[in-house]
$ cat model25.cif   # mmCIF, N, CA and C atoms
data_entry
#
loop_
_atom_site.label_atom_id
_atom_site.label_comp_id
_atom_site.auth_asym_id
_atom_site.auth_seq_id
_atom_site.Cartn_x
_atom_site.Cartn_y
_atom_site.Cartn_z
N MET K 1 23.40 -29.92 -37.69
CA MET K 1 24.46 -29.47 -36.82
C MET K 1 24.32 -27.96 -36.65
N LEU K 2 24.40 -27.50 -35.40
CA LEU K 2 24.30 -26.08 -35.11
C LEU K 2 25.64 -25.40 -35.26
N SER K 3 25.58 -24.16 -35.69
CA SER K 3 26.82 -23.39 -35.76
C SER K 3 27.27 -23.07 -34.33
N LYS K 4 28.50 -22.67 -34.17
CA LYS K 4 29.04 -22.36 -32.85
C LYS K 4 28.26 -21.21 -32.20
N GLN K 5 27.88 -20.22 -33.02
CA GLN K 5 27.12 -19.09 -32.49
C GLN K 5 25.75 -19.55 -31.98
N ASN K 6 25.06 -20.39 -32.77
CA ASN K 6 23.75 -20.89 -32.36
C ASN K 6 23.86 -21.79 -31.13
N GLN K 7 24.91 -22.61 -31.06
CA GLN K 7 25.10 -23.48 -29.91
C GLN K 7 25.35 -22.66 -28.64
N ASN K 8 26.15 -21.60 -28.76
CA ASN K 8 26.40 -20.71 -27.62
C ASN K 8 25.10 -20.04 -27.15
N TYR K 9 24.31 -19.62 -28.11
CA TYR K 9 23.03 -18.99 -27.77
C TYR K 9 22.12 -19.98 -27.05
N LEU K 10 22.04 -21.20 -27.57
CA LEU K 10 21.21 -22.24 -26.96
C LEU K 10 21.69 -22.56 -25.55
N ASN K 11 22.97 -22.66 -25.35
CA ASN K 11 23.53 -22.92 -24.01
C ASN K 11 23.22 -21.77 -23.05
N ASP K 12 23.32 -20.55 -23.56
CA ASP K 12 23.01 -19.38 -22.74
C ASP K 12 21.54 -19.41 -22.29
N VAL K 13 20.64 -19.73 -23.20
CA VAL K 13 19.21 -19.81 -22.87
C VAL K 13 18.98 -20.90 -21.83
N LYS K 14 19.59 -22.07 -22.01
CA LYS K 14 19.43 -23.16 -21.04
C LYS K 14 19.93 -22.75 -19.66
N ASN K 15 21.05 -22.03 -19.60
CA ASN K 15 21.58 -21.58 -18.32
C ASN K 15 20.66 -20.57 -17.64
N ARG K 16 20.07 -19.66 -18.43
CA ARG K 16 19.14 -18.69 -17.85
C ARG K 16 17.90 -19.38 -17.31
N ILE K 17 17.42 -20.39 -18.02
CA ILE K 17 16.25 -21.15 -17.55
C ILE K 17 16.58 -21.86 -16.24
N LYS K 18 17.74 -22.48 -16.15
CA LYS K 18 18.15 -23.18 -14.93
C LYS K 18 18.22 -22.24 -13.73
N LYS K 19 18.73 -21.02 -13.97
CA LYS K 19 18.85 -20.04 -12.89
C LYS K 19 17.48 -19.61 -12.36
N ARG K 20 16.50 -19.55 -13.26
CA ARG K 20 15.18 -19.07 -12.86
C ARG K 20 14.29 -20.16 -12.28
N LEU K 21 14.62 -21.42 -12.49
CA LEU K 21 13.80 -22.50 -11.94
C LEU K 21 13.78 -22.37 -10.43
N GLY K 22 12.61 -22.48 -9.86
CA GLY K 22 12.48 -22.37 -8.42
C GLY K 22 12.30 -20.95 -7.94
N LYS K 23 12.58 -19.96 -8.77
CA LYS K 23 12.42 -18.57 -8.37
C LYS K 23 11.07 -18.00 -8.80
N ILE K 24 10.40 -18.70 -9.69
CA ILE K 24 9.13 -18.20 -10.21
C ILE K 24 8.04 -18.43 -9.17
N LYS K 25 7.32 -17.38 -8.84
CA LYS K 25 6.24 -17.46 -7.88
C LYS K 25 4.95 -17.10 -8.58
N ILE K 26 3.86 -17.66 -8.08
CA ILE K 26 2.56 -17.35 -8.65
C ILE K 26 2.14 -15.97 -8.16
N ILE K 27 1.78 -15.12 -9.08
CA ILE K 27 1.34 -13.77 -8.73
C ILE K 27 -0.15 -13.68 -9.04
N THR K 28 -0.94 -13.38 -8.03
CA THR K 28 -2.37 -13.21 -8.27
C THR K 28 -2.63 -11.75 -8.56
N THR K 29 -3.29 -11.50 -9.67
CA THR K 29 -3.59 -10.12 -10.05
C THR K 29 -4.89 -9.65 -9.42
N HIS K 30 -5.73 -10.58 -9.00
CA HIS K 30 -6.99 -10.22 -8.39
C HIS K 30 -7.07 -10.83 -7.00
N PRO K 31 -7.02 -10.01 -5.96
CA PRO K 31 -7.12 -10.56 -4.61
C PRO K 31 -8.49 -11.17 -4.36
N ILE K 32 -8.55 -12.09 -3.44
CA ILE K 32 -9.81 -12.75 -3.10
C ILE K 32 -10.55 -11.86 -2.11
N PRO K 33 -11.75 -11.40 -2.46
CA PRO K 33 -12.47 -10.50 -1.57
C PRO K 33 -13.03 -11.22 -0.35
N GLU K 34 -13.11 -10.51 0.76
CA GLU K 34 -13.73 -11.05 1.97
C GLU K 34 -15.19 -10.63 2.06
N THR K 35 -15.49 -9.46 1.53
CA THR K 35 -16.87 -8.96 1.53
C THR K 35 -17.21 -8.38 0.17
N TYR K 36 -18.51 -8.36 -0.12
CA TYR K 36 -19.02 -7.80 -1.36
C TYR K 36 -19.96 -6.65 -1.02
N LYS K 37 -19.79 -5.54 -1.71
CA LYS K 37 -20.77 -4.47 -1.63
C LYS K 37 -21.68 -4.65 -2.83
N LEU K 38 -22.96 -4.89 -2.58
CA LEU K 38 -23.91 -5.14 -3.67
C LEU K 38 -24.64 -3.85 -4.01
N VAL K 39 -24.61 -3.50 -5.29
CA VAL K 39 -25.34 -2.34 -5.80
C VAL K 39 -26.40 -2.90 -6.74
N PHE K 40 -27.67 -2.73 -6.35
CA PHE K 40 -28.78 -3.28 -7.12
C PHE K 40 -29.23 -2.28 -8.17
N LEU K 41 -29.26 -2.70 -9.42
CA LEU K 41 -29.71 -1.82 -10.50
C LEU K 41 -31.21 -1.62 -10.46
N SER K 42 -31.93 -2.46 -9.72
CA SER K 42 -33.38 -2.33 -9.61
C SER K 42 -33.79 -1.19 -8.68
N GLY K 43 -32.83 -0.61 -7.97
CA GLY K 43 -33.15 0.50 -7.08
C GLY K 43 -33.16 0.15 -5.61
N LEU K 44 -33.02 -1.12 -5.27
CA LEU K 44 -32.96 -1.52 -3.87
C LEU K 44 -31.72 -0.89 -3.24
N PRO K 45 -31.76 -0.63 -1.94
CA PRO K 45 -30.57 -0.04 -1.30
C PRO K 45 -29.38 -0.98 -1.33
N SER K 46 -28.19 -0.41 -1.42
CA SER K 46 -26.95 -1.19 -1.41
C SER K 46 -26.79 -1.89 -0.07
N CYS K 47 -26.08 -3.01 -0.10
CA CYS K 47 -25.78 -3.72 1.15
C CYS K 47 -24.43 -4.40 1.03
N ILE K 48 -23.90 -4.80 2.16
CA ILE K 48 -22.61 -5.50 2.19
C ILE K 48 -22.86 -6.90 2.73
N ILE K 49 -22.33 -7.90 2.03
CA ILE K 49 -22.48 -9.29 2.46
C ILE K 49 -21.10 -9.94 2.59
N ASN K 50 -21.07 -11.03 3.34
CA ASN K 50 -19.86 -11.83 3.49
C ASN K 50 -19.66 -12.64 2.22
N ALA K 51 -18.43 -12.92 1.86
CA ALA K 51 -18.14 -13.67 0.63
C ALA K 51 -18.79 -15.05 0.63
N LYS K 52 -18.99 -15.64 1.81
CA LYS K 52 -19.59 -16.97 1.89
C LYS K 52 -21.06 -16.97 1.50
N GLU K 53 -21.70 -15.81 1.54
CA GLU K 53 -23.12 -15.71 1.20
C GLU K 53 -23.37 -15.69 -0.30
N LEU K 54 -22.34 -15.46 -1.09
CA LEU K 54 -22.49 -15.38 -2.53
C LEU K 54 -22.06 -16.70 -3.16
N GLN K 55 -22.94 -17.28 -3.96
CA GLN K 55 -22.65 -18.54 -4.65
C GLN K 55 -22.53 -18.28 -6.14
N GLY K 56 -21.45 -18.72 -6.74
CA GLY K 56 -21.23 -18.54 -8.17
C GLY K 56 -20.02 -17.66 -8.43
N LYS K 57 -19.69 -17.52 -9.70
CA LYS K 57 -18.54 -16.70 -10.08
C LYS K 57 -18.94 -15.23 -10.09
N ASN K 58 -18.02 -14.39 -9.64
CA ASN K 58 -18.33 -12.97 -9.57
C ASN K 58 -17.87 -12.21 -10.81
N THR K 59 -17.76 -12.90 -11.92
CA THR K 59 -17.32 -12.25 -13.16
C THR K 59 -18.50 -11.55 -13.84
N GLU K 60 -18.19 -10.53 -14.61
CA GLU K 60 -19.24 -9.79 -15.31
C GLU K 60 -19.97 -10.71 -16.29
N GLY K 61 -21.30 -10.64 -16.26
CA GLY K 61 -22.12 -11.46 -17.14
C GLY K 61 -22.54 -12.79 -16.54
N SER K 62 -21.98 -13.17 -15.39
CA SER K 62 -22.33 -14.45 -14.79
C SER K 62 -23.54 -14.31 -13.87
N ILE K 63 -24.13 -15.44 -13.54
CA ILE K 63 -25.28 -15.48 -12.64
C ILE K 63 -24.80 -15.92 -11.26
N VAL K 64 -25.21 -15.19 -10.22
CA VAL K 64 -24.84 -15.54 -8.86
C VAL K 64 -26.10 -15.75 -8.03
N GLN K 65 -25.96 -16.53 -6.98
CA GLN K 65 -27.05 -16.79 -6.05
C GLN K 65 -26.73 -16.09 -4.74
N ILE K 66 -27.68 -15.29 -4.25
CA ILE K 66 -27.52 -14.62 -2.96
C ILE K 66 -28.79 -14.86 -2.17
N ASN K 67 -28.66 -15.61 -1.08
CA ASN K 67 -29.81 -15.93 -0.22
C ASN K 67 -30.98 -16.50 -1.01
N GLY K 68 -30.70 -17.37 -1.95
CA GLY K 68 -31.74 -18.05 -2.72
C GLY K 68 -32.26 -17.28 -3.92
N SER K 69 -31.80 -16.08 -4.15
CA SER K 69 -32.23 -15.28 -5.30
C SER K 69 -31.11 -15.24 -6.34
N SER K 70 -31.52 -15.22 -7.60
CA SER K 70 -30.55 -15.19 -8.70
C SER K 70 -30.39 -13.77 -9.23
N TYR K 71 -29.14 -13.40 -9.46
CA TYR K 71 -28.82 -12.08 -9.99
C TYR K 71 -27.75 -12.23 -11.07
N LYS K 72 -27.76 -11.28 -11.99
CA LYS K 72 -26.73 -11.25 -13.03
C LYS K 72 -25.75 -10.13 -12.68
N VAL K 73 -24.45 -10.46 -12.74
CA VAL K 73 -23.41 -9.47 -12.44
C VAL K 73 -23.22 -8.60 -13.68
N MET K 74 -23.50 -7.32 -13.53
CA MET K 74 -23.38 -6.39 -14.65
C MET K 74 -22.00 -5.72 -14.67
N LYS K 75 -21.47 -5.43 -13.49
CA LYS K 75 -20.18 -4.75 -13.38
C LYS K 75 -19.58 -5.09 -12.04
N ARG K 76 -18.25 -5.16 -11.99
CA ARG K 76 -17.57 -5.38 -10.72
C ARG K 76 -16.40 -4.41 -10.61
N ILE K 77 -16.22 -3.89 -9.41
CA ILE K 77 -15.18 -2.89 -9.16
C ILE K 77 -14.47 -3.25 -7.88
N PHE K 78 -13.14 -3.30 -7.92
CA PHE K 78 -12.37 -3.54 -6.71
C PHE K 78 -12.28 -2.23 -5.93
N ILE K 79 -12.80 -2.24 -4.71
CA ILE K 79 -12.72 -1.07 -3.84
C ILE K 79 -11.42 -1.14 -3.05
N SER K 80 -11.10 -2.31 -2.55
CA SER K 80 -9.84 -2.53 -1.83
C SER K 80 -9.45 -3.98 -2.05
N SER K 81 -8.39 -4.42 -1.37
CA SER K 81 -7.95 -5.80 -1.55
C SER K 81 -8.92 -6.79 -0.91
N THR K 82 -9.82 -6.33 -0.06
CA THR K 82 -10.75 -7.24 0.60
C THR K 82 -12.21 -6.98 0.25
N VAL K 83 -12.50 -5.87 -0.43
CA VAL K 83 -13.89 -5.53 -0.75
C VAL K 83 -14.05 -5.40 -2.27
N LEU K 84 -15.06 -6.08 -2.79
CA LEU K 84 -15.37 -6.04 -4.22
C LEU K 84 -16.80 -5.55 -4.37
N GLU K 85 -17.00 -4.54 -5.19
CA GLU K 85 -18.35 -4.01 -5.42
C GLU K 85 -18.93 -4.68 -6.65
N LEU K 86 -20.14 -5.22 -6.50
CA LEU K 86 -20.82 -5.87 -7.61
C LEU K 86 -22.08 -5.09 -7.95
N HIS K 87 -22.24 -4.71 -9.20
CA HIS K 87 -23.48 -4.10 -9.67
C HIS K 87 -24.29 -5.25 -10.27
N ILE K 88 -25.43 -5.54 -9.66
CA ILE K 88 -26.20 -6.71 -10.07
C ILE K 88 -27.61 -6.34 -10.46
N ASP K 89 -28.20 -7.18 -11.29
CA ASP K 89 -29.55 -6.98 -11.77
C ASP K 89 -30.33 -8.26 -11.56
N ASN K 90 -31.63 -8.13 -11.29
CA ASN K 90 -32.48 -9.30 -11.08
C ASN K 90 -32.53 -10.16 -12.34
N VAL K 91 -32.60 -11.47 -12.13
CA VAL K 91 -32.77 -12.40 -13.24
C VAL K 91 -34.22 -12.86 -13.21
N LEU K 92 -34.91 -12.69 -14.34
CA LEU K 92 -36.32 -13.09 -14.40
C LEU K 92 -36.41 -14.61 -14.41
N PRO K 93 -37.40 -15.17 -13.70
CA PRO K 93 -37.55 -16.65 -13.67
C PRO K 93 -37.99 -17.23 -14.99
#
$ encode --input "model25.cif" --output "structure tokens"
Amino acid sequence: MLSKQNQNYLNDVKNRIKKRLGKIKIITTHPIPETYKLVFLSGLPSCIINAKELQGKNTEGSIVQINGSSYKVMKRIFISSTVLELHIDNVLP
């Protein structure tokens, strides 16, 4: 059996939860990029590609496919809400 104080606290918590139901929205902390600026660590000149041209996850340490070539993502930097800069290195076969 709960004490009156504990029961009041429990009721208060239930009421706060009821008030917030339906008000919670999903917040994305990382916007989905439309274009990628690729910075090649091998020395090739930088280029910008459409997001559809990149296959794979753009997280650091992952392997991505760009036009049939495999690269490892070394670093990623958000330039704006639509542009993500990827520093990539060649993956040896």
$ resolve_selection --input "model25.cif" --expression "the PyMOL selection byres (((chain K and resi 59-74 and name CA) around 12) and name CA)" --output "VMD selection string"
chain K and resid 30 36 38 to 42 47 to 58 75 to 78 84 to 93
$ select_by_dssp --input "model25.cif" --residues "chain K" --states "alpha helix (DSSP H)" --output "list of chain:residue names"
K:Lys4, K:Gln5, K:Asn6, K:Gln7, K:Asn8, K:Tyr9, K:Leu10, K:Asn11, K:Asp12, K:Val13, K:Lys14, K:Asn15, K:Arg16, K:Ile17, K:Lys18, K:Lys19, K:Arg20
$ select_by_dssp --input "model25.cif" --residues "chain K" --states "strand (DSSP E or B)" --output "PDB file with N, CA and C atoms, in the frame of the given file"
ATOM      1  N   THR K  35     -15.490  -9.460   1.530  1.00  0.00           N
ATOM      2  CA  THR K  35     -16.870  -8.960   1.530  1.00  0.00           C
ATOM      3  C   THR K  35     -17.210  -8.380   0.170  1.00  0.00           C
ATOM      4  N   TYR K  36     -18.510  -8.360  -0.120  1.00  0.00           N
ATOM      5  CA  TYR K  36     -19.020  -7.800  -1.360  1.00  0.00           C
ATOM      6  C   TYR K  36     -19.960  -6.650  -1.020  1.00  0.00           C
ATOM      7  N   LYS K  37     -19.790  -5.540  -1.710  1.00  0.00           N
ATOM      8  CA  LYS K  37     -20.770  -4.470  -1.630  1.00  0.00           C
ATOM      9  C   LYS K  37     -21.680  -4.650  -2.830  1.00  0.00           C
ATOM     10  N   LEU K  38     -22.960  -4.890  -2.580  1.00  0.00           N
ATOM     11  CA  LEU K  38     -23.910  -5.140  -3.670  1.00  0.00           C
ATOM     12  C   LEU K  38     -24.640  -3.850  -4.010  1.00  0.00           C
ATOM     13  N   VAL K  39     -24.610  -3.500  -5.290  1.00  0.00           N
ATOM     14  CA  VAL K  39     -25.340  -2.340  -5.800  1.00  0.00           C
ATOM     15  C   VAL K  39     -26.400  -2.900  -6.740  1.00  0.00           C
ATOM     16  N   PHE K  40     -27.670  -2.730  -6.350  1.00  0.00           N
ATOM     17  CA  PHE K  40     -28.780  -3.280  -7.120  1.00  0.00           C
ATOM     18  C   PHE K  40     -29.230  -2.280  -8.170  1.00  0.00           C
ATOM     19  N   CYS K  47     -26.080  -3.010  -0.100  1.00  0.00           N
ATOM     20  CA  CYS K  47     -25.780  -3.720   1.150  1.00  0.00           C
ATOM     21  C   CYS K  47     -24.430  -4.400   1.030  1.00  0.00           C
ATOM     22  N   ILE K  48     -23.900  -4.800   2.160  1.00  0.00           N
ATOM     23  CA  ILE K  48     -22.610  -5.500   2.190  1.00  0.00           C
ATOM     24  C   ILE K  48     -22.860  -6.900   2.730  1.00  0.00           C
ATOM     25  N   ILE K  49     -22.330  -7.900   2.030  1.00  0.00           N
ATOM     26  CA  ILE K  49     -22.480  -9.290   2.460  1.00  0.00           C
ATOM     27  C   ILE K  49     -21.100  -9.940   2.590  1.00  0.00           C
ATOM     28  N   ASN K  50     -21.070 -11.030   3.340  1.00  0.00           N
ATOM     29  CA  ASN K  50     -19.860 -11.830   3.490  1.00  0.00           C
ATOM     30  C   ASN K  50     -19.660 -12.640   2.220  1.00  0.00           C
ATOM     31  N   LEU K  54     -22.340 -15.460  -1.090  1.00  0.00           N
ATOM     32  CA  LEU K  54     -22.490 -15.380  -2.530  1.00  0.00           C
ATOM     33  C   LEU K  54     -22.060 -16.700  -3.160  1.00  0.00           C
ATOM     34  N   GLN K  55     -22.940 -17.280  -3.960  1.00  0.00           N
ATOM     35  CA  GLN K  55     -22.650 -18.540  -4.650  1.00  0.00           C
ATOM     36  C   GLN K  55     -22.530 -18.280  -6.140  1.00  0.00           C
ATOM     37  N   ILE K  63     -24.130 -15.440 -13.540  1.00  0.00           N
ATOM     38  CA  ILE K  63     -25.280 -15.480 -12.640  1.00  0.00           C
ATOM     39  C   ILE K  63     -24.800 -15.920 -11.260  1.00  0.00           C
ATOM     40  N   VAL K  64     -25.210 -15.190 -10.220  1.00  0.00           N
ATOM     41  CA  VAL K  64     -24.840 -15.540  -8.860  1.00  0.00           C
ATOM     42  C   VAL K  64     -26.100 -15.750  -8.030  1.00  0.00           C
ATOM     43  N   GLN K  65     -25.960 -16.530  -6.980  1.00  0.00           N
ATOM     44  CA  GLN K  65     -27.050 -16.790  -6.050  1.00  0.00           C
ATOM     45  C   GLN K  65     -26.730 -16.090  -4.740  1.00  0.00           C
ATOM     46  N   ILE K  66     -27.680 -15.290  -4.250  1.00  0.00           N
ATOM     47  CA  ILE K  66     -27.520 -14.620  -2.960  1.00  0.00           C
ATOM     48  C   ILE K  66     -28.790 -14.860  -2.170  1.00  0.00           C
ATOM     49  N   SER K  69     -31.800 -16.080  -4.150  1.00  0.00           N
ATOM     50  CA  SER K  69     -32.230 -15.280  -5.300  1.00  0.00           C
ATOM     51  C   SER K  69     -31.110 -15.240  -6.340  1.00  0.00           C
ATOM     52  N   SER K  70     -31.520 -15.220  -7.600  1.00  0.00           N
ATOM     53  CA  SER K  70     -30.550 -15.190  -8.700  1.00  0.00           C
ATOM     54  C   SER K  70     -30.390 -13.770  -9.230  1.00  0.00           C
ATOM     55  N   TYR K  71     -29.140 -13.400  -9.460  1.00  0.00           N
ATOM     56  CA  TYR K  71     -28.820 -12.080  -9.990  1.00  0.00           C
ATOM     57  C   TYR K  71     -27.750 -12.230 -11.070  1.00  0.00           C
ATOM     58  N   LYS K  72     -27.760 -11.280 -11.990  1.00  0.00           N
ATOM     59  CA  LYS K  72     -26.730 -11.250 -13.030  1.00  0.00           C
ATOM     60  C   LYS K  72     -25.750 -10.130 -12.680  1.00  0.00           C
ATOM     61  N   VAL K  73     -24.450 -10.460 -12.740  1.00  0.00           N
ATOM     62  CA  VAL K  73     -23.410  -9.470 -12.440  1.00  0.00           C
ATOM     63  C   VAL K  73     -23.220  -8.600 -13.680  1.00  0.00           C
ATOM     64  N   MET K  74     -23.500  -7.320 -13.530  1.00  0.00           N
ATOM     65  CA  MET K  74     -23.380  -6.390 -14.650  1.00  0.00           C
ATOM     66  C   MET K  74     -22.000  -5.720 -14.670  1.00  0.00           C
ATOM     67  N   LYS K  75     -21.470  -5.430 -13.490  1.00  0.00           N
ATOM     68  CA  LYS K  75     -20.180  -4.750 -13.380  1.00  0.00           C
ATOM     69  C   LYS K  75     -19.580  -5.090 -12.040  1.00  0.00           C
ATOM     70  N   ARG K  76     -18.250  -5.160 -11.990  1.00  0.00           N
ATOM     71  CA  ARG K  76     -17.570  -5.380 -10.720  1.00  0.00           C
ATOM     72  C   ARG K  76     -16.400  -4.410 -10.610  1.00  0.00           C
ATOM     73  N   ILE K  77     -16.220  -3.890  -9.410  1.00  0.00           N
ATOM     74  CA  ILE K  77     -15.180  -2.890  -9.160  1.00  0.00           C
ATOM     75  C   ILE K  77     -14.470  -3.250  -7.880  1.00  0.00           C
ATOM     76  N   PHE K  78     -13.140  -3.300  -7.920  1.00  0.00           N
ATOM     77  CA  PHE K  78     -12.370  -3.540  -6.710  1.00  0.00           C
ATOM     78  C   PHE K  78     -12.280  -2.230  -5.930  1.00  0.00           C
ATOM     79  N   VAL K  83     -12.500  -5.870  -0.430  1.00  0.00           N
ATOM     80  CA  VAL K  83     -13.890  -5.530  -0.750  1.00  0.00           C
ATOM     81  C   VAL K  83     -14.050  -5.400  -2.270  1.00  0.00           C
ATOM     82  N   LEU K  84     -15.060  -6.080  -2.790  1.00  0.00           N
ATOM     83  CA  LEU K  84     -15.370  -6.040  -4.220  1.00  0.00           C
ATOM     84  C   LEU K  84     -16.800  -5.550  -4.370  1.00  0.00           C
ATOM     85  N   GLU K  85     -17.000  -4.540  -5.190  1.00  0.00           N
ATOM     86  CA  GLU K  85     -18.350  -4.010  -5.420  1.00  0.00           C
ATOM     87  C   GLU K  85     -18.930  -4.680  -6.650  1.00  0.00           C
ATOM     88  N   LEU K  86     -20.140  -5.220  -6.500  1.00  0.00           N
ATOM     89  CA  LEU K  86     -20.820  -5.870  -7.610  1.00  0.00           C
ATOM     90  C   LEU K  86     -22.080  -5.090  -7.950  1.00  0.00           C
ATOM     91  N   HIS K  87     -22.240  -4.710  -9.200  1.00  0.00           N
ATOM     92  CA  HIS K  87     -23.480  -4.100  -9.670  1.00  0.00           C
ATOM     93  C   HIS K  87     -24.290  -5.250 -10.270  1.00  0.00           C
ATOM     94  N   ILE K  88     -25.430  -5.540  -9.660  1.00  0.00           N
ATOM     95  CA  ILE K  88     -26.200  -6.710 -10.070  1.00  0.00           C
ATOM     96  C   ILE K  88     -27.610  -6.340 -10.460  1.00  0.00           C
ATOM     97  N   ASP K  89     -28.200  -7.180 -11.290  1.00  0.00           N
ATOM     98  CA  ASP K  89     -29.550  -6.980 -11.770  1.00  0.00           C
ATOM     99  C   ASP K  89     -30.330  -8.260 -11.560  1.00  0.00           C
ATOM    100  N   ASN K  90     -31.630  -8.130 -11.290  1.00  0.00           N
ATOM    101  CA  ASN K  90     -32.480  -9.300 -11.080  1.00  0.00           C
ATOM    102  C   ASN K  90     -32.530 -10.160 -12.340  1.00  0.00           C
TER     103      ASN K  90
END
$ atom_distance --input "model25.cif" --atom1 "atom N of Gly43 of chain K" --atom2 "atom CA of Ser80 of chain K"
23.9 Å
$ atom_distance --input "model25.cif" --atom1 "atom N of Ile32 of chain K" --atom2 "atom CA of Ile79 of chain K"
11.8 Å
